[in-house]
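Below: entry25.cif (mmCIF, C-alpha atoms and all ligand atoms)
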```cif
data_upload
loop_
_atom_site.label_atom_id
_atom_site.label_comp_id
_atom_site.auth_asym_id
_atom_site.auth_seq_id
_atom_site.Cartn_x
_atom_site.Cartn_y
_atom_site.Cartn_z
CA MET A 1 88.99 7.35 -114.59
CA ARG A 2 88.12 9.87 -111.91
CA ASP A 3 88.27 13.55 -112.92
CA THR A 4 90.76 14.81 -110.34
CA ILE A 5 90.72 18.35 -111.72
CA ALA A 6 86.98 18.57 -111.04
CA ASP A 7 87.72 17.04 -107.64
CA TYR A 8 90.19 19.79 -106.80
CA ASP A 9 87.75 22.41 -108.09
CA ARG A 10 85.07 21.04 -105.79
CA PHE A 11 87.02 19.96 -102.70
CA GLY A 12 90.30 21.90 -102.90
CA GLY A 13 89.10 24.86 -100.82
CA PRO A 14 90.86 23.93 -97.56
CA TYR A 15 94.12 23.02 -99.34
CA GLY A 16 96.05 26.26 -98.86
CA GLY A 17 95.26 26.40 -95.15
CA HIS A 18 96.68 22.97 -94.36
CA ARG A 19 99.24 22.24 -97.06
CA ARG A 20 102.09 24.69 -96.66
CA GLY A 21 105.56 23.92 -98.00
CA ASP A 22 107.98 22.21 -95.62
CA PRO A 23 111.32 24.05 -95.41
CA GLY A 24 113.38 20.83 -95.30
CA ILE A 25 111.70 19.41 -98.40
CA ALA A 26 111.99 22.81 -100.11
CA ARG A 27 115.73 22.79 -99.42
CA LEU A 28 116.12 19.33 -100.96
CA ILE A 29 114.26 20.47 -104.06
CA ALA A 30 116.33 23.66 -104.30
CA GLU A 31 119.56 21.66 -104.06
CA ARG A 32 118.47 19.41 -106.90
CA LEU A 33 117.38 22.33 -109.07
CA GLY A 34 121.07 23.23 -109.01
CA GLU A 35 121.96 26.25 -111.11
CA ALA A 36 118.59 26.40 -112.89
CA ARG A 37 117.47 30.00 -113.35
CA THR A 38 114.13 29.30 -115.03
CA VAL A 39 111.81 26.63 -113.60
CA LEU A 40 108.44 25.25 -114.72
CA ASN A 41 106.19 23.99 -111.91
CA VAL A 42 103.55 21.58 -113.24
CA GLY A 43 100.44 20.81 -111.17
CA ALA A 44 101.61 23.78 -109.17
CA GLY A 45 98.54 24.16 -106.98
CA THR A 46 98.97 26.84 -104.36
CA GLY A 47 102.68 27.11 -105.11
CA SER A 48 104.23 25.26 -102.17
CA TYR A 49 107.91 24.62 -102.87
CA GLU A 50 108.21 27.18 -105.66
CA PRO A 51 111.67 28.70 -105.19
CA ALA A 52 111.57 32.46 -104.56
CA ASP A 53 115.04 33.13 -106.00
CA ARG A 54 114.42 31.86 -109.57
CA HIS A 55 112.04 32.68 -112.44
CA VAL A 56 109.13 30.27 -111.97
CA VAL A 57 106.26 29.64 -114.36
CA ALA A 58 103.41 27.66 -112.80
CA ILE A 59 100.82 25.51 -114.60
CA GLU A 60 97.72 24.42 -112.70
CA PRO A 61 94.40 23.10 -114.09
CA SER A 62 92.11 23.72 -111.09
CA ALA A 63 90.65 27.21 -110.61
CA THR A 64 90.08 26.52 -106.91
CA MET A 65 93.78 25.82 -106.51
CA ARG A 66 94.93 28.74 -108.67
CA ARG A 67 92.84 31.11 -106.58
CA GLN A 68 94.65 30.07 -103.38
CA ARG A 69 98.09 31.06 -104.60
CA PRO A 70 99.55 33.60 -102.20
CA ASP A 71 100.08 37.19 -103.33
CA HIS A 72 103.87 36.92 -103.44
CA LEU A 73 103.68 34.27 -106.19
CA ALA A 74 102.85 34.88 -109.84
CA PRO A 75 99.43 33.67 -111.03
CA ALA A 76 99.43 30.18 -112.54
CA LEU A 77 98.63 29.41 -116.18
CA ILE A 78 95.69 27.15 -116.90
CA GLY A 79 97.09 23.88 -118.19
CA THR A 80 97.80 20.21 -117.65
CA ALA A 81 100.92 18.08 -117.71
CA ASP A 82 100.06 16.27 -120.93
CA ALA A 83 100.11 19.40 -123.13
CA ILE A 84 102.64 21.90 -121.83
CA PRO A 85 102.39 25.06 -123.94
CA TYR A 86 106.13 25.76 -124.21
CA ASP A 87 108.94 25.05 -126.65
CA ASP A 88 111.47 22.26 -126.27
CA GLY A 89 114.08 23.20 -123.67
CA ALA A 90 112.25 26.43 -122.78
CA PHE A 91 113.18 26.04 -119.07
CA ASP A 92 116.37 25.17 -117.26
CA ALA A 93 114.43 22.77 -115.03
CA ALA A 94 110.92 21.47 -114.34
CA MET A 95 109.30 20.28 -111.12
CA ALA A 96 106.10 18.39 -110.27
CA ILE A 97 105.29 18.13 -106.59
CA LEU A 98 102.80 15.57 -105.27
CA THR A 99 100.81 15.69 -108.50
CA VAL A 100 101.85 12.85 -110.85
CA HIS A 101 99.34 10.44 -109.24
CA HIS A 102 96.56 12.69 -110.59
CA TRP A 103 97.66 12.70 -114.22
CA PRO A 104 95.42 10.66 -116.56
CA ASP A 105 98.36 9.96 -118.93
CA LEU A 106 101.47 9.74 -116.78
CA GLY A 107 103.83 8.77 -119.61
CA ARG A 108 102.77 11.71 -121.73
CA GLY A 109 103.09 14.15 -118.82
CA LEU A 110 106.60 12.92 -118.02
CA ARG A 111 107.68 13.18 -121.67
CA GLU A 112 106.30 16.71 -121.78
CA MET A 113 108.28 17.70 -118.68
CA ARG A 114 111.45 16.19 -120.09
CA ARG A 115 110.83 17.94 -123.42
CA VAL A 116 110.54 21.47 -121.99
CA ALA A 117 113.38 21.14 -119.44
CA GLY A 118 116.96 21.53 -120.62
CA GLY A 119 118.22 20.34 -117.21
CA PRO A 120 116.80 18.49 -114.22
CA VAL A 121 113.22 17.29 -113.92
CA ILE A 122 112.27 16.89 -110.28
CA ILE A 123 109.28 14.91 -109.09
CA LEU A 124 108.13 14.52 -105.50
CA SER A 125 105.92 11.48 -105.03
CA PHE A 126 105.34 8.40 -102.90
CA ASP A 127 106.90 5.05 -103.74
CA PRO A 128 103.98 2.62 -103.33
CA ASP A 129 106.38 -0.33 -103.03
CA ALA A 130 108.64 1.10 -100.29
CA PRO A 131 108.25 0.14 -96.63
CA THR A 132 106.78 2.61 -94.17
CA GLU A 133 106.57 2.99 -90.41
CA PHE A 134 103.27 4.86 -90.70
CA TRP A 135 100.35 3.47 -88.69
CA LEU A 136 97.39 4.74 -90.76
CA GLY A 137 97.09 1.43 -92.65
CA ASP A 138 96.40 -0.36 -89.33
CA TYR A 139 93.25 1.75 -89.04
CA VAL A 140 92.33 1.98 -92.72
CA PRO A 141 93.69 -1.00 -94.67
CA GLU A 142 91.57 0.23 -97.60
CA MET A 143 93.82 3.30 -97.76
CA VAL A 144 96.87 1.13 -98.46
CA ASP A 145 95.10 -0.33 -101.51
CA VAL A 146 93.90 3.07 -102.69
CA GLU A 147 97.37 4.59 -102.49
CA LYS A 148 99.06 1.62 -104.11
CA ALA A 149 96.70 1.92 -107.04
CA ARG A 150 97.14 5.69 -107.37
CA TYR A 151 100.88 6.22 -107.05
CA PRO A 152 103.13 5.17 -109.93
CA ALA A 153 106.02 2.80 -109.27
CA MET A 154 109.39 4.54 -109.26
CA ALA A 155 110.37 2.44 -112.31
CA ASN A 156 107.51 4.06 -114.23
CA LEU A 157 108.83 7.53 -113.38
CA THR A 158 112.37 6.58 -114.35
CA GLU A 159 111.31 4.97 -117.63
CA GLY A 160 108.88 7.76 -118.49
CA LEU A 161 111.51 10.44 -117.99
CA GLY A 162 114.28 8.52 -119.75
CA GLY A 163 117.96 9.24 -119.13
CA PRO A 164 119.69 9.00 -115.77
CA CYS A 165 117.32 9.27 -112.80
CA GLU A 166 118.12 9.16 -109.10
CA ILE A 167 115.48 8.22 -106.53
CA VAL A 168 116.15 10.00 -103.23
CA PRO A 169 114.33 9.06 -99.97
CA VAL A 170 112.83 12.15 -98.32
CA PRO A 171 112.57 12.22 -94.52
CA VAL A 172 109.37 13.70 -93.12
CA ARG A 173 109.70 15.75 -89.95
CA ILE A 174 107.29 15.71 -87.02
CA ASP A 175 106.34 19.37 -87.51
CA CYS A 176 105.98 19.24 -91.32
CA PRO A 177 103.53 22.07 -92.20
CA ASP A 178 102.50 20.29 -95.42
CA LYS A 179 99.83 18.09 -93.87
CA PHE A 180 99.79 15.17 -96.29
CA GLN A 181 98.81 12.00 -94.47
CA VAL A 182 102.16 10.68 -93.26
CA ALA A 183 103.16 14.18 -92.11
CA LEU A 184 100.61 13.68 -89.29
CA TYR A 185 102.33 10.55 -87.94
CA GLY A 186 102.94 12.21 -84.56
CA ARG A 187 99.84 14.45 -84.54
CA PRO A 188 96.95 11.97 -84.80
CA GLU A 189 94.39 14.50 -83.54
CA GLU A 190 94.81 16.35 -86.86
CA PHE A 191 93.05 13.46 -88.61
CA LEU A 192 89.89 14.22 -86.63
CA LYS A 193 89.59 17.62 -88.36
CA ARG A 194 87.41 17.46 -91.45
CA ASP A 195 89.26 20.24 -93.29
CA VAL A 196 92.61 18.54 -92.76
CA ARG A 197 91.22 15.38 -94.37
CA ARG A 198 89.61 17.46 -97.15
CA ALA A 199 93.08 18.77 -97.97
CA GLN A 200 94.20 15.13 -98.57
CA SER A 201 92.71 13.76 -101.80
CA ALA A 202 93.00 10.06 -100.88
CA TRP A 203 89.91 10.07 -98.64
CA ARG A 204 87.74 10.71 -101.70
CA PHE A 205 88.77 7.37 -103.19
CA LEU A 206 87.66 5.19 -100.28
CA PRO A 207 84.44 3.14 -100.25
CA GLU A 208 81.46 4.84 -98.63
CA GLY A 209 81.55 4.80 -94.83
CA VAL A 210 85.24 3.96 -94.38
CA GLU A 211 86.30 7.51 -93.52
CA ASP A 212 83.57 7.86 -90.87
CA ARG A 213 84.52 4.49 -89.37
CA PHE A 214 88.15 5.64 -89.14
CA VAL A 215 87.31 8.95 -87.50
CA ASP A 216 85.08 7.21 -84.92
CA ARG A 217 87.66 4.59 -84.07
CA LEU A 218 90.63 6.94 -83.93
CA GLY A 219 88.62 9.37 -81.77
CA GLN A 220 87.77 6.58 -79.35
CA ASP A 221 91.36 5.31 -79.23
CA LEU A 222 92.70 8.80 -78.56
CA ALA A 223 90.15 9.33 -75.79
CA SER A 224 90.87 5.95 -74.16
CA GLY A 225 94.66 6.14 -74.56
CA ALA A 226 94.74 3.05 -76.79
CA TRP A 227 96.42 4.99 -79.63
CA ASP A 228 99.11 6.30 -77.30
CA ASP A 229 99.72 2.85 -75.79
CA ARG A 230 100.55 1.49 -79.21
CA TYR A 231 101.87 4.45 -81.20
CA GLY A 232 102.62 7.14 -78.59
CA HIS A 233 106.37 7.02 -79.35
CA PHE A 234 105.60 8.75 -82.65
CA ARG A 235 104.61 11.92 -80.79
CA THR A 236 108.28 12.64 -80.10
CA GLN A 237 109.98 10.84 -82.99
CA ALA A 238 111.77 13.55 -85.00
CA THR A 239 111.31 11.98 -88.45
CA ILE A 240 109.53 9.02 -89.97
CA ARG A 241 110.83 6.50 -92.48
CA CYS A 242 108.16 6.53 -95.14
CA GLN A 243 107.52 6.28 -98.86
CA LEU A 244 108.19 9.90 -99.85
CA ARG A 245 110.73 10.12 -102.68
CA LEU A 246 112.32 12.72 -104.91
CA ALA A 247 112.95 11.52 -108.45
CA VAL A 248 115.72 13.59 -110.01
CA SER A 249 116.06 13.06 -113.73
CA LEU A 250 118.80 14.52 -115.91
CA PRO A 251 118.76 14.75 -119.71
CA SER A 252 120.24 11.81 -121.59
CA PRO A 253 123.95 12.43 -122.25
C1 LIG B 1 98.25 17.48 -104.09
S1 LIG B 1 98.07 18.85 -105.18
C2 LIG B 1 99.75 19.42 -105.19
C3 LIG B 1 99.85 20.88 -105.52
C4 LIG B 1 101.24 21.48 -105.40
N1 LIG B 1 102.15 20.91 -106.36
C5 LIG B 1 101.76 21.36 -103.99
O1 LIG B 1 102.77 20.70 -103.79
O2 LIG B 1 101.16 21.91 -103.08
C6 LIG B 1 97.89 18.10 -106.76
C7 LIG B 1 97.68 19.08 -107.89
O3 LIG B 1 97.72 18.40 -109.15
C8 LIG B 1 96.82 19.06 -110.01
N2 LIG B 1 96.47 18.22 -111.18
C9 LIG B 1 95.46 17.34 -111.32
N3 LIG B 1 95.48 16.81 -112.55
C10 LIG B 1 96.52 17.37 -113.23
C11 LIG B 1 97.05 17.24 -114.56
N4 LIG B 1 96.52 16.40 -115.44
N5 LIG B 1 98.12 18.00 -114.90
C12 LIG B 1 98.67 18.84 -114.00
N6 LIG B 1 98.22 19.00 -112.73
C13 LIG B 1 97.17 18.28 -112.34
C14 LIG B 1 95.63 19.35 -109.11
O4 LIG B 1 94.75 20.32 -109.66
C15 LIG B 1 96.33 19.80 -107.83
O5 LIG B 1 96.55 21.18 -107.79
#
```
Take the structure in this file and express it as structure tokens.
Amino acid sequence: MRDTIADYDRFGGPYGGHRRGDPGIARLIAERLGEARTVLNVGAGTGSYEPADRHVVAIEPSATMRRQRPDHLAPALIGTADAIPYDDGAFDAAMAILTVHHWPDLGRGLREMRRVAGGPVIILSFDPDAPTEFWLGDYVPEMVDVEKARYPAMANLTEGLGGPCEIVPVPVRIDCPDKFQVALYGRPEEFLKRDVRRAQSAWRFLPEGVEDRFVDRLGQDLASGAWDDRYGHFRTQATIRCQLRLAVSLPSP
């Protein structure tokens, strides 16, 4: 299995510049954290979506990512999801944002989150089996396969967490400042920027040459107007129906 921590150490430099928390998604997360006063953020990265009005402890294995945490956030502990160094029920809630697809032992990581959280466990991820309006797969069919292999099915999250779990679709807005791939559905020119792609881990999983082929073809289609002829309506579409989901797990009654 690929060492994604080493990957983030090596390639995660541009992350903080292009992956800033989206206020709408942050609100959804805050709502689901409910009354939680203490929150553990696992795979915390640069700290996007960490609520400012609660006590947050962040765990992040990559030094490159820890270094990019902004000054107003506390430093992150060095650690991984599969061995969380806290007692059972030590936090009111736990969150893991766009990170579970990197964990080498998903089941163990989920059990650990459930163990240390007395209340909700909140996971933001992509449902690989859900439909999407996004056009990227028309250009890079290989990406569809890569993402399907990386992201866990929602049933795996639900089973791994145990207890009641709600899966909530998350709309992505046209101006989402967290530039994960689908967030660029109406801003295709962003894909031509190398640093924007570097801040999206999926490109590193493609066969050699595929990324270059995509950049060439998209660049040509944007210059000729072919992209706009087919997908131009996305430039003004306020939100996109996509695979982003919030899994909200509560402790077993
Ligand atoms: C896409 S980033 C998301 C970071 C942050 N949660 C955010 O929303 O901006 C994925 C993060 O997962 C971290 N990660 C990789 N393997 C991990 C593991 N086994 N346990 C916890 N985090 C891990 C990476 O180092 C990286 O910071």
Selection as an mmCIF file with C-alpha atoms, in the coordinates of the input: residues within 6 Å of (101.7, 24.1, -117.7), counting all atoms listed in the file:
```
data_model
loop_
_atom_site.group_PDB
_atom_site.id
_atom_site.type_symbol
_atom_site.label_atom_id
_atom_site.label_comp_id
_atom_site.auth_asym_id
_atom_site.auth_seq_id
_atom_site.Cartn_x
_atom_site.Cartn_y
_atom_site.Cartn_z
ATOM 1 C CA VAL A 42 103.550 21.580 -113.240
ATOM 2 C CA ILE A 59 100.820 25.510 -114.600
ATOM 3 C CA GLY A 79 97.090 23.880 -118.190
ATOM 4 C CA THR A 80 97.800 20.210 -117.650
ATOM 5 C CA ILE A 84 102.640 21.900 -121.830
#
```
Item to check | Of the listed residues A:Glu133, A:Asp138, A:Asp127, A:Glu112, that which approaches Met154 in chain A most closely, counting all atoms listed in the file | outcome: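 Looking only at the distances to Met154 in chain A, the closest residue turns out to be A:Asp127.
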Item to check | Nearby residues, ligand LIG 1 (chain B), 9 Å, only C-alpha atoms and all ligand atoms, as a ChimeraX atom specification | outcome: /A:3-9,12,15-16,19-21,41-50,59-66,79-83,95-106,109,124,178,180,199-201
Item to check | Shortest interatomic distance to Glu142 in chain A - which of A:Leu206, A:Leu246, A:Ala30, A:Ala90, counting all atoms listed in the file | outcome: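 Going through A:Leu206, A:Leu246, A:Ala30, A:Ala90 one by one, the smallest distance to Glu142 in chain A is for A:Leu206.
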Checklist entry - Looking at A:Gln181, A:Gln237, A:Thr38, A:Asn156, which one is nearest to Arg111 in chain A, with distances taken over only C-alpha atoms? => result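 Looking at the shortest contact to Arg111 in chain A, the residue is A:Asn156.
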Item to check | A:Cys176, A:Ala153, A:Ile25, A:Leu192 ranked by distance to Ala238 in chain A, top pick (using all atoms listed in the file) | outcome: A:Cys176
Checklist entry - Taking into account only C-alpha atoms, which residue in the set A:Arg115, A:Arg204, A:Arg187, A:Arg108 is nearest to Arg10 in chain A? => result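 Smallest separation from Arg10 in chain A among the options: A:Arg204.
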Item to check | Best match for closeness to Gly89 in chain A among A:Gly163, A:Pro75, A:Gly107, A:Gly119, counting all atoms listed in the file | outcome: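 Residue with the minimum atom-to-atom distance to Gly89 in chain A: A:Gly119.
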Checklist entry - Quick one: distance from CA of Thr158 in chain A to CA of Leu77 in chain A in Å, one decimal? => result 26.7 Å
Taking 5 positions as the minimum chain separation for residues in the same chain, which residues sit within 12 Å of His233 in chain A when counting all atoms listed in the file? Answer as a short mmCIF file (atom, residue, chain, number, x, y, z; two decimals) with C-alpha atoms, in the coordinates of the input.
```
data_model
loop_
_atom_site.label_atom_id
_atom_site.label_comp_id
_atom_site.auth_asym_id
_atom_site.auth_seq_id
_atom_site.Cartn_x
_atom_site.Cartn_y
_atom_site.Cartn_z
CA GLU A 133 106.57 2.99 -90.41
CA PHE A 134 103.27 4.86 -90.70
CA TRP A 135 100.35 3.47 -88.69
CA ILE A 174 107.29 15.71 -87.02
CA TYR A 185 102.33 10.55 -87.94
CA GLY A 186 102.94 12.21 -84.56
CA ARG A 187 99.84 14.45 -84.54
CA PRO A 188 96.95 11.97 -84.80
CA TRP A 227 96.42 4.99 -79.63
CA ASP A 228 99.11 6.30 -77.30
CA ALA A 238 111.77 13.55 -85.00
CA THR A 239 111.31 11.98 -88.45
CA ILE A 240 109.53 9.02 -89.97
#
```
Item to check | Residue neighbourhood Pro131 in chain A, 10 Å, only C-alpha atoms, exclusion window fewer than 5 positions, as a list in words | outcome: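 Those residues are Arg241, Cys242 and Gln243 of chain A.
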Checklist entry - In Å, how far is it from CA of Glu166 in chain A to CA of Val144 in chain A? => result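 For CA of Glu166 in chain A relative to CA of Val144 in chain A, the distance reads 25.1 Å.
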Checklist entry - Any idea what's packed within 12 Å of Arg54 in chain A, counting all atoms listed in the file, ignoring anything in its chain fewer than 3 positions away? Could you give it as a ChimeraX atom specification? => result /A:30,33-41,49-51,57,73-74,91-94
Next on the checklist: What does the structure give for the distance between CA of Leu244 in chain A and CA of Phe126 in chain A, in Å to one decimal?
Outcome noted: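 Answer for the CA of Leu244 in chain A to CA of Phe126 in chain A separation: 4.4 Å.
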Checklist entry - Contacts of range 214-216 of chain A at 10 Å or less, counting only C-alpha atoms, minus same-chain residues fewer than 5 places along, as a list in words? => result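 Final neighbour list, sorted by chain and number: Leu136, Tyr139, Val140, Glu189, Phe191, Leu192, Lys193, Arg194, Gly209 and Asp221 of chain A.
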Tell me which residues come within 6 Å of (113.7, 17.0, -107.2), as a tab-separated table (two decimals) with C-alpha atoms, in the frame of the given file, counting only C-alpha atoms in the file's coordinates.
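Now in result-v9.tsv:
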```
chain	number	residue	atom	x	y	z
A	29	ILE	CA	114.26	20.47	-104.06
A	32	ARG	CA	118.47	19.41	-106.90
A	122	ILE	CA	112.27	16.89	-110.28
A	123	ILE	CA	109.28	14.91	-109.09
A	246	LEU	CA	112.32	12.72	-104.91
A	247	ALA	CA	112.95	11.52	-108.45
A	248	VAL	CA	115.72	13.59	-110.01
```
Student task, range 107-194 of chain A output with C-alpha atoms as a JSON list (two decimals), in the first residue's frame:
```json
[["chain", "number", "residue", "atom", "x", "y", "z"],
["A", 107, "GLY", "CA", -11.71, -0.22, 10.51],
["A", 108, "ARG", "CA", -9.18, 0.32, 13.25],
["A", 109, "GLY", "CA", -9.16, 4.09, 12.74],
["A", 110, "LEU", "CA", -12.96, 4.25, 12.92],
["A", 111, "ARG", "CA", -13.04, 2.13, 16.09],
["A", 112, "GLU", "CA", -10.44, 4.41, 17.63],
["A", 113, "MET", "CA", -12.50, 7.51, 16.83],
["A", 114, "ARG", "CA", -15.62, 5.92, 18.27],
["A", 115, "ARG", "CA", -13.68, 4.85, 21.37],
["A", 116, "VAL", "CA", -12.38, 8.32, 22.28],
["A", 117, "ALA", "CA", -15.61, 10.21, 21.46],
["A", 118, "GLY", "CA", -18.43, 10.22, 24.00],
["A", 119, "GLY", "CA", -20.75, 11.84, 21.44],
["A", 120, "PRO", "CA", -20.82, 12.32, 17.67],
["A", 121, "VAL", "CA", -18.13, 11.13, 15.28],
["A", 122, "ILE", "CA", -18.22, 13.17, 12.10],
["A", 123, "ILE", "CA", -16.55, 12.11, 8.87],
["A", 124, "LEU", "CA", -16.44, 14.08, 5.65],
["A", 125, "SER", "CA", -15.71, 11.88, 2.65],
["A", 126, "PHE", "CA", -16.83, 11.01, -0.87],
["A", 127, "ASP", "CA", -19.32, 8.24, -1.56],
["A", 128, "PRO", "CA", -17.71, 6.34, -4.45],
["A", 129, "ASP", "CA", -21.06, 4.76, -5.37],
["A", 130, "ALA", "CA", -23.14, 7.96, -5.54],
["A", 131, "PRO", "CA", -23.95, 9.68, -8.84],
["A", 132, "THR", "CA", -22.22, 12.92, -9.75],
["A", 133, "GLU", "CA", -22.70, 15.70, -12.27],
["A", 134, "PHE", "CA", -18.96, 16.39, -12.36],
["A", 135, "TRP", "CA", -17.30, 16.32, -15.79],
["A", 136, "LEU", "CA", -13.71, 15.41, -14.83],
["A", 137, "GLY", "CA", -14.29, 11.70, -15.52],
["A", 138, "ASP", "CA", -15.07, 12.55, -19.18],
["A", 139, "TYR", "CA", -11.50, 13.82, -19.47],
["A", 140, "VAL", "CA", -9.79, 11.36, -17.13],
["A", 141, "PRO", "CA", -11.73, 8.08, -16.90],
["A", 142, "GLU", "CA", -8.72, 6.69, -15.01],
["A", 143, "MET", "CA", -9.53, 9.13, -12.20],
["A", 144, "VAL", "CA", -12.94, 7.53, -11.69],
["A", 145, "ASP", "CA", -11.26, 4.16, -11.11],
["A", 146, "VAL", "CA", -8.62, 5.65, -8.82],
["A", 147, "GLU", "CA", -11.20, 7.39, -6.65],
["A", 148, "LYS", "CA", -13.51, 4.38, -6.52],
["A", 149, "ALA", "CA", -10.63, 2.28, -5.26],
["A", 150, "ARG", "CA", -9.53, 4.85, -2.67],
["A", 151, "TYR", "CA", -12.75, 5.98, -1.04],
["A", 152, "PRO", "CA", -14.55, 3.60, 1.32],
["A", 153, "ALA", "CA", -18.19, 2.75, 0.68],
["A", 154, "MET", "CA", -20.57, 4.50, 3.08],
["A", 155, "ALA", "CA", -21.58, 1.07, 4.43],
["A", 156, "ASN", "CA", -17.97, 0.53, 5.52],
["A", 157, "LEU", "CA", -18.02, 3.80, 7.47],
["A", 158, "THR", "CA", -21.36, 2.97, 9.07],
["A", 159, "GLU", "CA", -20.31, -0.56, 10.02],
["A", 160, "GLY", "CA", -16.87, 0.52, 11.23],
["A", 161, "LEU", "CA", -18.32, 3.18, 13.51],
["A", 162, "GLY", "CA", -21.17, 1.01, 14.80],
["A", 163, "GLY", "CA", -24.33, 2.48, 16.29],
["A", 164, "PRO", "CA", -26.70, 4.82, 14.50],
["A", 165, "CYS", "CA", -25.12, 6.68, 11.58],
["A", 166, "GLU", "CA", -26.68, 9.21, 9.24],
["A", 167, "ILE", "CA", -25.22, 9.89, 5.79],
["A", 168, "VAL", "CA", -25.86, 13.50, 4.77],
["A", 169, "PRO", "CA", -25.29, 14.76, 1.18],
["A", 170, "VAL", "CA", -23.12, 17.89, 1.17],
["A", 171, "PRO", "CA", -23.68, 20.47, -1.58],
["A", 172, "VAL", "CA", -20.55, 22.03, -3.04],
["A", 173, "ARG", "CA", -20.75, 25.70, -3.96],
["A", 174, "ILE", "CA", -19.23, 27.29, -7.05],
["A", 175, "ASP", "CA", -16.88, 29.48, -4.99],
["A", 176, "CYS", "CA", -15.77, 26.76, -2.52],
["A", 177, "PRO", "CA", -12.31, 27.86, -1.29],
["A", 178, "ASP", "CA", -11.37, 24.25, -0.47],
["A", 179, "LYS", "CA", -10.14, 23.32, -3.94],
["A", 180, "PHE", "CA", -10.69, 19.57, -3.93],
["A", 181, "GLN", "CA", -11.42, 18.36, -7.44],
["A", 182, "VAL", "CA", -15.19, 18.71, -7.67],
["A", 183, "ALA", "CA", -15.00, 22.16, -6.05],
["A", 184, "LEU", "CA", -13.52, 23.33, -9.38],
["A", 185, "TYR", "CA", -16.54, 22.23, -11.42],
["A", 186, "GLY", "CA", -17.19, 25.80, -12.59],
["A", 187, "ARG", "CA", -13.56, 26.99, -12.60],
["A", 188, "PRO", "CA", -11.85, 24.60, -15.05],
["A", 189, "GLU", "CA", -8.85, 26.91, -15.54],
["A", 190, "GLU", "CA", -7.81, 26.08, -11.96],
["A", 191, "PHE", "CA", -6.94, 22.55, -13.12],
["A", 192, "LEU", "CA", -4.25, 23.98, -15.38],
["A", 193, "LYS", "CA", -2.31, 25.22, -12.33],
["A", 194, "ARG", "CA", 0.26, 22.71, -11.15]]
```
